[in-house]
$ cat target.pdb   # PDB, C-alpha atoms
MODEL        1
ATOM      1  CA  MET A1034     237.114 118.696 -63.454
ATOM      2  CA  VAL A1035     235.674 119.221 -66.927
ATOM      3  CA  ASN A1036     239.127 119.203 -68.443
ATOM      4  CA  GLU A1037     240.004 115.979 -66.635
ATOM      5  CA  PHE A1038     236.835 114.340 -67.901
ATOM      6  CA  LEU A1039     237.557 115.502 -71.453
ATOM      7  CA  GLY A1040     241.104 114.233 -71.038
ATOM      8  CA  HIS A1041     239.792 110.761 -70.321
ATOM      9  CA  LEU A1042     237.931 110.723 -73.603
ATOM     10  CA  PHE A1043     241.252 110.821 -75.434
ATOM     11  CA  PRO A1044     242.827 107.474 -76.206
ATOM     12  CA  ARG A1045     246.151 106.638 -74.534
ATOM     13  CA  VAL A1046     247.671 105.555 -77.809
ATOM     14  CA  VAL A1047     246.817 106.891 -81.252
ATOM     15  CA  LEU A1048     248.181 105.755 -84.589
ATOM     16  CA  ARG A1049     249.952 108.711 -86.143
ATOM     17  CA  ARG A1050     248.715 108.027 -89.671
ATOM     18  CA  ASN A1051     245.104 108.224 -88.423
ATOM     19  CA  LEU A1052     245.551 111.840 -87.399
ATOM     20  CA  ALA A1053     245.647 113.347 -90.891
ATOM     21  CA  PHE A1054     242.609 115.514 -91.484
ATOM     22  CA  SER A1055     242.251 114.142 -94.998
ATOM     23  CA  TYR A1056     241.728 110.657 -93.517
ATOM     24  CA  THR A1057     238.400 111.362 -91.782
ATOM     25  CA  PHE A1058     237.361 114.939 -92.694
ATOM     26  CA  CYS A1059     235.769 115.056 -89.200
ATOM     27  CA  LEU A1060     232.582 113.724 -90.759
ATOM     28  CA  GLY A1061     231.585 111.553 -87.801
ATOM     29  CA  GLY A1062     232.304 114.291 -85.285
ATOM     30  CA  LEU A1063     230.336 116.813 -87.316
ATOM     31  CA  ALA A1064     227.404 114.427 -87.525
ATOM     32  CA  PHE A1065     227.470 114.009 -83.749
ATOM     33  CA  THR A1066     227.591 117.808 -83.375
ATOM     34  CA  ALA A1067     224.481 118.001 -85.541
ATOM     35  CA  PHE A1068     222.934 115.425 -83.223
ATOM     36  CA  LEU A1069     223.725 117.598 -80.196
ATOM     37  CA  ILE A1070     222.180 120.643 -81.908
ATOM     38  CA  LEU A1071     219.123 118.554 -82.718
ATOM     39  CA  ALA A1072     218.831 117.463 -79.096
ATOM     40  CA  ALA A1073     219.099 121.042 -77.811
ATOM     41  CA  THR A1074     216.676 122.603 -80.301
ATOM     42  CA  GLY A1075     214.318 119.633 -80.046
ATOM     43  CA  MET A1076     214.146 120.035 -76.300
ATOM     44  CA  LEU A1077     213.108 123.667 -76.754
ATOM     45  CA  LEU A1078     210.524 122.768 -79.393
ATOM     46  CA  LEU A1079     208.948 120.391 -76.861
ATOM     47  CA  PHE A1080     207.730 123.438 -74.941
ATOM     48  CA  TYR A1081     205.306 124.306 -77.731
ATOM     49  CA  TYR A1082     204.515 121.151 -79.692
ATOM     50  CA  GLN A1083     201.210 119.432 -78.967
ATOM     51  CA  ALA A1084     201.042 115.837 -80.111
ATOM     52  CA  SER A1085     197.437 115.464 -81.128
ATOM     53  CA  PRO A1086     196.165 115.499 -84.714
ATOM     54  CA  GLU A1087     193.897 118.511 -84.198
ATOM     55  CA  LYS A1088     196.433 120.617 -82.338
ATOM     56  CA  ALA A1089     199.760 119.674 -83.906
ATOM     57  CA  PHE A1090     199.667 121.891 -86.985
ATOM     58  CA  ASN A1091     198.211 124.835 -85.068
ATOM     59  CA  SER A1092     200.896 124.542 -82.424
ATOM     60  CA  ILE A1093     203.505 124.792 -85.191
ATOM     61  CA  LEU A1094     201.772 127.874 -86.606
ATOM     62  CA  PHE A1095     201.684 129.399 -83.142
ATOM     63  CA  LEU A1096     205.360 128.611 -82.622
ATOM     64  CA  GLU A1097     206.300 130.262 -85.898
ATOM     65  CA  ALA A1098     204.043 133.302 -85.533
ATOM     66  CA  SER A1099     204.026 134.265 -81.881
ATOM     67  CA  VAL A1100     207.140 132.863 -80.249
ATOM     68  CA  TRP A1101     210.377 134.781 -80.205
ATOM     69  CA  GLY A1102     212.944 132.699 -82.095
ATOM     70  CA  GLY A1103     210.405 129.959 -82.702
ATOM     71  CA  ARG A1104     210.753 129.931 -86.461
ATOM     72  CA  TYR A1105     214.528 130.124 -86.156
ATOM     73  CA  LEU A1106     214.706 127.158 -83.793
ATOM     74  CA  ARG A1107     212.388 125.047 -85.913
ATOM     75  CA  SER A1108     214.366 125.824 -89.053
ATOM     76  CA  LEU A1109     217.577 125.028 -87.214
ATOM     77  CA  HIS A1110     216.122 121.702 -86.099
ATOM     78  CA  ARG A1111     215.006 120.824 -89.606
ATOM     79  CA  LEU A1112     218.207 121.942 -91.320
ATOM     80  CA  SER A1113     220.402 120.176 -88.770
ATOM     81  CA  SER A1114     218.497 116.973 -89.401
ATOM     82  CA  HIS A1115     219.159 117.270 -93.133
ATOM     83  CA  PHE A1116     222.812 118.015 -92.492
ATOM     84  CA  MET A1117     223.137 115.120 -90.102
ATOM     85  CA  LEU A1118     221.839 112.615 -92.641
ATOM     86  CA  VAL A1119     224.102 113.988 -95.367
ATOM     87  CA  LEU A1120     227.104 113.903 -93.040
ATOM     88  CA  LEU A1121     226.290 110.354 -92.024
ATOM     89  CA  MET A1122     226.115 109.220 -95.640
ATOM     90  CA  LEU A1123     229.442 110.912 -96.368
ATOM     91  CA  HIS A1124     230.913 109.346 -93.246
ATOM     92  CA  THR A1125     229.729 105.925 -94.391
ATOM     93  CA  LEU A1126     231.199 106.553 -97.815
ATOM     94  CA  ARG A1127     234.501 107.562 -96.251
ATOM     95  CA  VAL A1128     234.576 104.388 -94.147
ATOM     96  CA  ILE A1129     233.919 102.284 -97.239
ATOM     97  CA  LEU A1130     236.523 104.049 -99.384
ATOM     98  CA  THR A1131     239.287 103.861 -96.751
ATOM     99  CA  GLY A1132     238.455 100.267 -95.930
ATOM    100  CA  ALA A1133     237.874 101.119 -92.294
ATOM    101  CA  TYR A1134     235.238  98.391 -92.045
ATOM    102  CA  GLN A1135     237.906  95.665 -92.225
ATOM    103  CA  LYS A1136     239.329  93.735 -89.307
ATOM    104  CA  PRO A1137     239.868  94.583 -86.488
ATOM    105  CA  ARG A1138     237.175  97.267 -86.741
ATOM    106  CA  GLU A1139     234.324  95.219 -88.164
ATOM    107  CA  LEU A1140     232.255  95.551 -84.977
ATOM    108  CA  ASN A1141     232.306  99.334 -85.306
ATOM    109  CA  TRP A1142     231.145  99.032 -88.912
ATOM    110  CA  VAL A1143     228.121  97.081 -87.713
ATOM    111  CA  LEU A1144     227.452  99.621 -84.956
ATOM    112  CA  GLY A1145     227.757 102.423 -87.500
ATOM    113  CA  CYS A1146     225.262 100.796 -89.849
ATOM    114  CA  GLY A1147     222.860 100.458 -86.947
ATOM    115  CA  LEU A1148     223.335 104.153 -86.172
ATOM    116  CA  LEU A1149     222.691 105.115 -89.784
ATOM    117  CA  LEU A1150     219.440 103.142 -89.887
ATOM    118  CA  LEU A1151     218.329 104.550 -86.532
ATOM    119  CA  CYS A1152     218.984 108.103 -87.697
ATOM    120  CA  VAL A1153     217.009 107.614 -90.896
ATOM    121  CA  PHE A1154     214.167 106.216 -88.804
ATOM    122  CA  GLU A1155     214.467 109.171 -86.430
ATOM    123  CA  ALA A1156     214.154 111.571 -89.350
ATOM    124  CA  TYR A1157     211.167 109.619 -90.661
ATOM    125  CA  THR A1158     209.306 109.777 -87.332
ATOM    126  CA  GLY A1159     210.034 113.486 -87.073
ATOM    127  CA  TYR A1160     208.634 114.062 -90.537
ATOM    128  CA  LEU A1161     205.060 113.257 -89.460
ATOM    129  CA  LEU A1162     204.970 115.510 -86.414
ATOM    130  CA  PRO A1163     204.014 118.851 -88.078
ATOM    131  CA  MET A1164     200.919 117.109 -89.494
ATOM    132  CA  ASP A1165     200.832 119.136 -92.709
ATOM    133  CA  GLN A1166     199.996 117.577 -96.080
ATOM    134  CA  LEU A1167     203.622 116.755 -96.882
ATOM    135  CA  ALA A1168     204.071 115.050 -93.526
ATOM    136  CA  LEU A1169     200.892 113.031 -93.808
ATOM    137  CA  TRP A1170     201.390 111.706 -97.338
ATOM    138  CA  ALA A1171     205.108 111.075 -96.925
ATOM    139  CA  THR A1172     204.376 108.968 -93.877
ATOM    140  CA  GLN A1173     201.493 107.291 -95.663
ATOM    141  CA  THR A1174     203.676 106.213 -98.586
ATOM    142  CA  GLY A1175     206.440 105.152 -96.220
ATOM    143  CA  MET A1176     204.063 102.911 -94.371
ATOM    144  CA  GLU A1177     202.825 101.405 -97.652
ATOM    145  CA  LEU A1178     206.436 100.680 -98.605
ATOM    146  CA  LEU A1179     206.963  98.986 -95.276
ATOM    147  CA  THR A1180     204.277  96.386 -96.003
ATOM    148  CA  ILE A1181     206.352  95.050 -98.918
ATOM    149  CA  PHE A1182     209.013  93.763 -96.540
ATOM    150  CA  PRO A1183     208.629  90.474 -94.724
ATOM    151  CA  LEU A1184     206.867  91.085 -91.396
ATOM    152  CA  GLY A1185     206.193  94.592 -92.735
ATOM    153  CA  SER A1186     202.470  94.558 -92.126
ATOM    154  CA  TYR A1187     203.114  93.369 -88.593
ATOM    155  CA  LEU A1188     205.509  96.288 -88.007
ATOM    156  CA  ARG A1189     203.037  98.659 -89.582
ATOM    157  CA  ALA A1190     200.332  97.504 -87.205
ATOM    158  CA  ILE A1191     202.621  98.348 -84.304
ATOM    159  CA  LEU A1192     203.696 101.738 -85.645
ATOM    160  CA  VAL A1193     200.302 102.954 -86.874
ATOM    161  CA  PRO A1194     197.608 100.943 -85.090
ATOM    162  CA  ASP A1195     194.820 103.324 -86.140
ATOM    163  CA  GLY A1196     196.075 104.606 -89.494
ATOM    164  CA  VAL A1197     198.539 107.366 -90.396
ATOM    165  CA  GLY A1198     197.627 110.712 -88.869
ATOM    166  CA  GLN A1199     195.296 109.313 -86.220
ATOM    167  CA  PRO A1200     195.832 110.109 -82.537
ATOM    168  CA  MET A1201     197.492 106.871 -81.430
ATOM    169  CA  SER A1202     199.884 106.737 -84.397
ATOM    170  CA  LEU A1203     200.918 110.349 -83.931
ATOM    171  CA  LEU A1204     201.575 109.712 -80.255
ATOM    172  CA  ARG A1205     203.686 106.658 -81.077
ATOM    173  CA  PHE A1206     205.734 108.549 -83.643
ATOM    174  CA  TYR A1207     206.154 111.340 -81.106
ATOM    175  CA  VAL A1208     207.378 109.052 -78.347
ATOM    176  CA  LEU A1209     209.726 107.285 -80.745
ATOM    177  CA  HIS A1210     211.012 110.609 -82.044
ATOM    178  CA  ILE A1211     211.710 112.312 -78.747
ATOM    179  CA  MET A1212     212.579 109.385 -76.457
ATOM    180  CA  LEU A1213     213.322 105.920 -77.693
ATOM    181  CA  VAL A1214     215.225 106.537 -80.909
ATOM    182  CA  PRO A1215     217.370 109.462 -79.661
ATOM    183  CA  LEU A1216     218.335 107.531 -76.531
ATOM    184  CA  SER A1217     219.272 104.511 -78.629
ATOM    185  CA  VAL A1218     221.303 106.738 -80.952
ATOM    186  CA  LEU A1219     223.110 108.238 -77.974
ATOM    187  CA  LEU A1220     223.840 104.840 -76.443
ATOM    188  CA  LEU A1221     225.079 103.377 -79.724
ATOM    189  CA  SER A1222     227.162 106.500 -80.371
ATOM    190  CA  PHE A1223     228.971 106.051 -77.078
ATOM    191  CA  LEU A1224     229.636 102.417 -77.936
ATOM    192  CA  HIS A1225     230.843 103.582 -81.354
ATOM    193  CA  PHE A1226     233.245 106.086 -79.782
ATOM    194  CA  TYR A1227     234.404 103.545 -77.222
ATOM    195  CA  ARG A1228     235.300 101.114 -80.000
ATOM    196  CA  ILE A1229     237.270 103.837 -81.814
ATOM    197  CA  ARG A1230     239.231 104.485 -78.653
ATOM    198  CA  LYS A1231     239.831 100.763 -78.136
ATOM    199  CA  ASN A1232     241.090 100.349 -81.688
ATOM    200  CA  LYS A1233     243.705 103.074 -81.189
ATOM    201  CA  GLY A1234     241.685 105.142 -83.582
ATOM    202  CA  VAL A1235     241.486 108.866 -83.909
ATOM    203  CA  LEU A1236     241.129 111.640 -81.381
ATOM    204  CA  PRO A1237     237.642 112.802 -80.487
ATOM    205  CA  TYR A1238     236.213 114.847 -83.300
ATOM    206  CA  LEU A1239     238.527 113.650 -86.034
TER     207      LEU A1239
ATOM    208  CA  MET B 974     248.805 137.535 -61.394
ATOM    209  CA  ALA B 975     248.714 136.968 -65.119
ATOM    210  CA  LYS B 976     247.049 133.649 -64.503
ATOM    211  CA  SER B 977     244.294 135.035 -62.267
ATOM    212  CA  ASP B 978     243.557 137.775 -64.828
ATOM    213  CA  GLN B 979     243.063 135.110 -67.437
ATOM    214  CA  SER B 980     240.539 133.273 -65.283
ATOM    215  CA  ARG B 981     238.660 136.483 -64.464
ATOM    216  CA  ARG B 982     238.291 137.199 -68.160
ATOM    217  CA  LYS B 983     237.029 133.667 -68.667
ATOM    218  CA  PHE B 984     234.603 134.042 -65.760
ATOM    219  CA  ILE B 985     233.162 137.290 -67.113
ATOM    220  CA  GLY B 986     232.881 135.822 -70.584
ATOM    221  CA  THR B 987     231.043 132.793 -69.250
ATOM    222  CA  LEU B 988     228.796 135.017 -67.161
ATOM    223  CA  ILE B 989     227.830 137.211 -70.114
ATOM    224  CA  LEU B 990     227.201 134.214 -72.329
ATOM    225  CA  SER B 991     225.036 132.439 -69.776
ATOM    226  CA  LEU B 992     223.056 135.621 -69.043
ATOM    227  CA  ALA B 993     222.442 136.108 -72.757
ATOM    228  CA  GLY B 994     221.405 132.467 -72.995
ATOM    229  CA  LEU B 995     219.025 132.770 -70.051
ATOM    230  CA  PHE B 996     217.548 135.962 -71.484
ATOM    231  CA  SER B 997     216.923 134.334 -74.861
ATOM    232  CA  LEU B 998     215.425 131.276 -73.179
ATOM    233  CA  GLY B 999     213.103 133.493 -71.164
ATOM    234  CA  LYS B1000     212.029 135.320 -74.297
ATOM    235  CA  PHE B1001     211.460 132.039 -76.127
ATOM    236  CA  LEU B1002     209.330 130.749 -73.275
ATOM    237  CA  SER B1003     207.060 133.813 -73.042
ATOM    238  CA  PRO B1004     205.035 133.850 -76.259
ATOM    239  CA  ARG B1005     202.728 136.608 -77.380
ATOM    240  CA  VAL B1006     199.277 135.450 -76.378
ATOM    241  CA  PRO B1007     197.178 136.929 -79.163
ATOM    242  CA  GLN B1008     193.669 135.710 -78.523
ATOM    243  CA  GLN B1009     190.896 137.954 -77.251
ATOM    244  CA  LYS B1010     189.102 136.390 -74.347
ATOM    245  CA  ILE B1011     185.358 136.745 -74.063
ATOM    246  CA  LEU B1012     184.856 137.778 -70.454
ATOM    247  CA  LEU B1013     181.094 137.410 -70.511
ATOM    248  CA  SER B1014     178.189 137.209 -72.863
ATOM    249  CA  VAL B1015     174.840 138.793 -72.007
ATOM    250  CA  ALA B1016     171.524 138.634 -73.850
ATOM    251  CA  LYS B1017     170.590 142.085 -75.139
ATOM    252  CA  ALA B1018     167.132 141.912 -73.594
ATOM    253  CA  GLU B1019     168.587 141.511 -70.115
ATOM    254  CA  LEU B1020     170.207 144.938 -70.102
ATOM    255  CA  PRO B1021     167.647 147.612 -69.199
ATOM    256  CA  LEU B1022     167.719 151.071 -70.789
ATOM    257  CA  ASP B1023     169.851 153.397 -68.654
ATOM    258  CA  GLY B1024     170.544 150.461 -66.389
ATOM    259  CA  ALA B1025     173.531 148.410 -65.311
ATOM    260  CA  LEU B1026     174.329 144.754 -64.876
ATOM    261  CA  VAL B1027     176.981 143.912 -62.306
ATOM    262  CA  TYR B1028     179.140 140.819 -62.506
ATOM    263  CA  ARG B1029     181.136 140.728 -59.283
ATOM    264  CA  GLU B1030     182.826 137.442 -60.127
ATOM    265  CA  ALA B1031     184.186 138.761 -63.432
ATOM    266  CA  ARG B1032     184.619 142.233 -61.846
ATOM    267  CA  VAL B1033     182.792 143.926 -64.699
ATOM    268  CA  ALA B1034     179.719 146.128 -64.903
ATOM    269  CA  LEU B1035     177.828 146.384 -68.173
ATOM    270  CA  MET B1036     176.225 149.839 -68.496
ATOM    271  CA  ARG B1037     173.696 151.243 -70.900
ATOM    272  CA  GLU B1038     173.020 154.907 -71.439
ATOM    273  CA  GLY B1039     170.450 155.249 -74.176
ATOM    274  CA  ASP B1040     172.120 153.663 -77.191
ATOM    275  CA  ALA B1041     175.615 153.594 -75.763
ATOM    276  CA  VAL B1042     176.662 150.313 -74.160
ATOM    277  CA  TYR B1043     179.969 150.036 -72.380
ATOM    278  CA  ALA B1044     181.688 147.758 -69.874
ATOM    279  CA  LEU B1045     183.487 149.179 -66.861
ATOM    280  CA  SER B1046     186.137 147.316 -64.956
ATOM    281  CA  LEU B1047     185.134 147.088 -61.301
ATOM    282  CA  VAL B1048     188.736 146.904 -60.121
ATOM    283  CA  CYS B1049     189.425 150.041 -58.107
ATOM    284  CA  THR B1050     192.308 151.976 -59.631
ATOM    285  CA  HIS B1051     193.593 152.726 -56.144
ATOM    286  CA  LEU B1052     194.497 149.326 -54.657
ATOM    287  CA  GLY B1053     192.385 146.858 -56.612
ATOM    288  CA  CYS B1054     189.325 146.137 -54.452
ATOM    289  CA  THR B1055     186.061 145.254 -56.155
ATOM    290  CA  ILE B1056     183.806 148.281 -56.437
ATOM    291  CA  ASN B1057     180.155 148.290 -55.358
ATOM    292  CA  VAL B1058     177.628 149.656 -57.810
ATOM    293  CA  THR B1059     174.883 151.825 -56.301
ATOM    294  CA  PRO B1060     172.032 153.444 -58.274
ATOM    295  CA  THR B1061     173.850 156.786 -58.428
ATOM    296  CA  GLU B1062     177.542 156.061 -58.252
ATOM    297  CA  LEU B1063     180.247 153.398 -57.878
ATOM    298  CA  VAL B1064     181.878 153.194 -54.462
ATOM    299  CA  CYS B1065     184.906 151.253 -53.392
ATOM    300  CA  PRO B1066     184.406 149.601 -49.971
ATOM    301  CA  CYS B1067     188.096 149.618 -49.078
ATOM    302  CA  HIS B1068     189.060 153.290 -48.988
ATOM    303  CA  GLY B1069     185.961 155.111 -50.088
ATOM    304  CA  SER B1070     186.903 156.127 -53.621
ATOM    305  CA  SER B1071     183.825 156.894 -55.677
ATOM    306  CA  PHE B1072     183.231 157.083 -59.393
ATOM    307  CA  ASP B1073     180.293 158.215 -61.497
ATOM    308  CA  ARG B1074     178.490 155.880 -63.892
ATOM    309  CA  ARG B1075     180.991 156.615 -66.628
ATOM    310  CA  GLY B1076     183.905 155.635 -64.422
ATOM    311  CA  VAL B1077     185.244 159.139 -63.802
ATOM    312  CA  VAL B1078     186.693 159.708 -60.330
ATOM    313  CA  LEU B1079     184.413 161.748 -58.016
ATOM    314  CA  LYS B1080     186.363 161.291 -54.813
ATOM    315  CA  GLY B1081     189.872 159.908 -54.048
ATOM    316  CA  PRO B1082     192.111 158.263 -53.077
ATOM    317  CA  ALA B1083     191.789 156.710 -56.552
ATOM    318  CA  ASP B1084     193.218 159.104 -59.141
ATOM    319  CA  ARG B1085     192.529 157.370 -62.458
ATOM    320  CA  GLN B1086     189.198 156.624 -64.045
ATOM    321  CA  LEU B1087     187.983 153.050 -64.385
ATOM    322  CA  PRO B1088     189.195 151.333 -67.556
ATOM    323  CA  ARG B1089     186.619 150.235 -70.104
ATOM    324  CA  TYR B1090     186.446 146.930 -71.884
ATOM    325  CA  GLN B1091     185.408 146.499 -75.471
ATOM    326  CA  VAL B1092     181.792 145.466 -75.982
ATOM    327  CA  VAL B1093     180.948 143.563 -79.154
ATOM    328  CA  GLN B1094     177.404 143.028 -80.382
ATOM    329  CA  ARG B1095     176.966 139.529 -81.734
ATOM    330  CA  GLY B1096     173.433 138.565 -82.699
ATOM    331  CA  GLU B1097     171.229 138.820 -79.672
ATOM    332  CA  PHE B1098     174.162 139.100 -77.276
ATOM    333  CA  PHE B1099     176.596 141.663 -75.919
ATOM    334  CA  GLU B1100     180.061 140.217 -75.477
ATOM    335  CA  VAL B1101     182.679 141.812 -73.256
ATOM    336  CA  VAL B1102     186.145 141.151 -74.672
ATOM    337  CA  VAL B1103     189.493 141.523 -72.976
TER     338      VAL B1103
ENDMDL
END

$ encode --input "target.pdb" --output "structure tokens"
Amino acid sequence: MVNEFLGHLFPRVVLRRNLAFSYTFCLGGLAFTAFLILAATGMLLLFYYQASPEKAFNSILFLEASVWGGRYLRSLHRLSSHFMLVLLMLHTLRVILTGAYQKPRELNWVLGCGLLLLCVFEAYTGYLLPMDQLALWATQTGMELLTIFPLGSYLRAILVPDGVGQPMSLLRFYVLHIMLVPLSVLLLSFLHFYRIRKNKGVLPYL
Amino acid sequence: MAKSDQSRRKFIGTLILSLAGLFSLGKFLSPRVPQQKILLSVAKAELPLDGALVYREARVALMREGDAVYALSLVCTHLGCTINVTPTELVCPCHGSSFDRRGVVLKGPADRQLPRYQVVQRGEFFEVVV
């Protein structure tokens, strides 16, 4: 059953010249693998993280000090997030350099840009959660930058209604980080892959 | 036959991997709980010289013998009933085990002495820590 399902992910027709490894370097597939690792480790981290300003940092300390594999999982989560962003940038670069954004694949280019922005936002929301000094001030400066953009102060009021590092803001970042943004990334990724398949693109993972 | 061997190998491999995964998950989900819990806190003046205070709810007796203060668990080491404290000895109502005031077994069926908890002096209070 699993094999049949996997078989259906493969396109019926593939252009031979798309199959060369040096065309894609598997960058998109690797980025999605990083996403899967992030989902798995993130789900385990949920067992210990407490999303309130007083408890957040202590729950991280507890996770690192007293939980078997806690420090390993958290490091894996953090490193995978760095890798994912790097891979996504490289993937974008590859798409630009090979001209893959041109017709008939321009819709997938737009989807991909959306994915890139969502992933950066996902990383940004995750950055606040440990509630250490780095997290707090990085988020603070990010929110100040946001106000420069048109409608920025409006967005800021939605994201941090009671100031960076206060209970409601932390909760909002938390919900965005673990629910809304990852689900959107997943949904958009499937659309992205569907478009590849439709455009007689590459096999899964290439 | 060759084909069924192949699938058995696969099955065993999958089994080992999932058992290892489950084991790791179980270990990850059972953290070391480091904190000492304060079972009870008693004002020093309340504890008479050579007397005892019994806390049946917490199943602890706080004893004083001259300068020495110690806390005895009131869980019978036989089958876990709560022990009654009498002026001379400690008697378990379930099967009649008895202990002296230091927790040493006088009469069976219990065969181990009562465990002691740590008592910490903090200001005007004795604190029993677990």

$ interface_residues --input "target.pdb" --of "chain B" --to "chain A" --cutoff "8 Å" --atoms "only C-alpha atoms" --output "list in words"
Lys1000, Phe1001, Leu1002, Ser1003, Pro1004, Arg1005, Val1006 and Pro1007 of chain B

$ residues_around --input "target.pdb" --residues "stretch 1220-1229 of chain A" --least-positions-apart "3" --cutoff "9 Å" --atoms "only C-alpha atoms" --output "JSON, numbers by chain"
{"A": [1042, 1044, 1065, 1138, 1140, 1141, 1142, 1144, 1145, 1147, 1148, 1215, 1216, 1217, 1232, 1233, 1234, 1235, 1236, 1237]}

$ write_last_selection --input "target.pdb" --atoms "C-alpha atoms" --output "mmCIF file, in the frame of the given file"
data_model
loop_
_atom_site.group_PDB
_atom_site.id
_atom_site.type_symbol
_atom_site.label_atom_id
_atom_site.label_comp_id
_atom_site.auth_asym_id
_atom_site.auth_seq_id
_atom_site.Cartn_x
_atom_site.Cartn_y
_atom_site.Cartn_z
ATOM 1 C CA LEU A 1042 237.931 110.723 -73.603
ATOM 2 C CA PRO A 1044 242.827 107.474 -76.206
ATOM 3 C CA PHE A 1065 227.470 114.009 -83.749
ATOM 4 C CA ARG A 1138 237.175 97.267 -86.741
ATOM 5 C CA LEU A 1140 232.255 95.551 -84.977
ATOM 6 C CA ASN A 1141 232.306 99.334 -85.306
ATOM 7 C CA TRP A 1142 231.145 99.032 -88.912
ATOM 8 C CA LEU A 1144 227.452 99.621 -84.956
ATOM 9 C CA GLY A 1145 227.757 102.423 -87.500
ATOM 10 C CA GLY A 1147 222.860 100.458 -86.947
ATOM 11 C CA LEU A 1148 223.335 104.153 -86.172
ATOM 12 C CA PRO A 1215 217.370 109.462 -79.661
ATOM 13 C CA LEU A 1216 218.335 107.531 -76.531
ATOM 14 C CA SER A 1217 219.272 104.511 -78.629
ATOM 15 C CA ASN A 1232 241.090 100.349 -81.688
ATOM 16 C CA LYS A 1233 243.705 103.074 -81.189
ATOM 17 C CA GLY A 1234 241.685 105.142 -83.582
ATOM 18 C CA VAL A 1235 241.486 108.866 -83.909
ATOM 19 C CA LEU A 1236 241.129 111.640 -81.381
ATOM 20 C CA PRO A 1237 237.642 112.802 -80.487
#

$ closest_residue --input "target.pdb" --among "B:Arg1095, B:Arg1075, B:Arg1085, B:Lys983" --to "B:Ala1041" --atoms "all atoms listed in the file"
B:Arg1075

$ resolve_selection --input "target.pdb" --expression "the PyMOL selection byres ((chain A and resi 1122) around 12)" --output "list in words"
Leu1060, Gly1061, Ala1064, His1115, Phe1116, Met1117, Leu1118, Val1119, Leu1120, Leu1121, Leu1123, His1124, Thr1125, Leu1126, Arg1127, Val1128, Ile1129, Gly1145, Cys1146, Leu1148, Leu1149, Leu1150, Cys1152 and Val1153 of chain A

$ closest_residue --input "target.pdb" --among "A:Ser1113, A:Tyr1207, A:Thr1057, A:Met1201" --to "A:Gly1132" --atoms "only C-alpha atoms"
A:Thr1057

$ resolve_selection --input "target.pdb" --expression "the PyMOL selection byres ((chain A and resi 1192) around 12)" --output "JSON, numbers by chain"
{"A": [1154, 1157, 1158, 1172, 1173, 1175, 1176, 1179, 1180, 1185, 1186, 1187, 1188, 1189, 1190, 1191, 1193, 1194, 1195, 1196, 1197, 1198, 1199, 1200, 1201, 1202, 1203, 1204, 1205, 1206, 1207, 1208, 1209]}

$ residues_around --input "target.pdb" --residues "B:Val1033" --least-positions-apart "6" --cutoff "6 Å" --atoms "only C-alpha atoms" --output "NGL selection string"
:B and (1045-1047)

$ residues_around --input "target.pdb" --residues "B:Thr1059" --least-positions-apart "6" --cutoff "10 Å" --atoms "all atoms listed in the file" --output "ChimeraX atom specification"
/B:1025,1073-1074

$ write_last_selection --input "target.pdb" --atoms "C-alpha atoms" --output "CSV table (one decimal), in the frame of the given file"
chain,number,residue,atom,x,y,z
B,1025,ALA,CA,173.5,148.4,-65.3
B,1073,ASP,CA,180.3,158.2,-61.5
B,1074,ARG,CA,178.5,155.9,-63.9
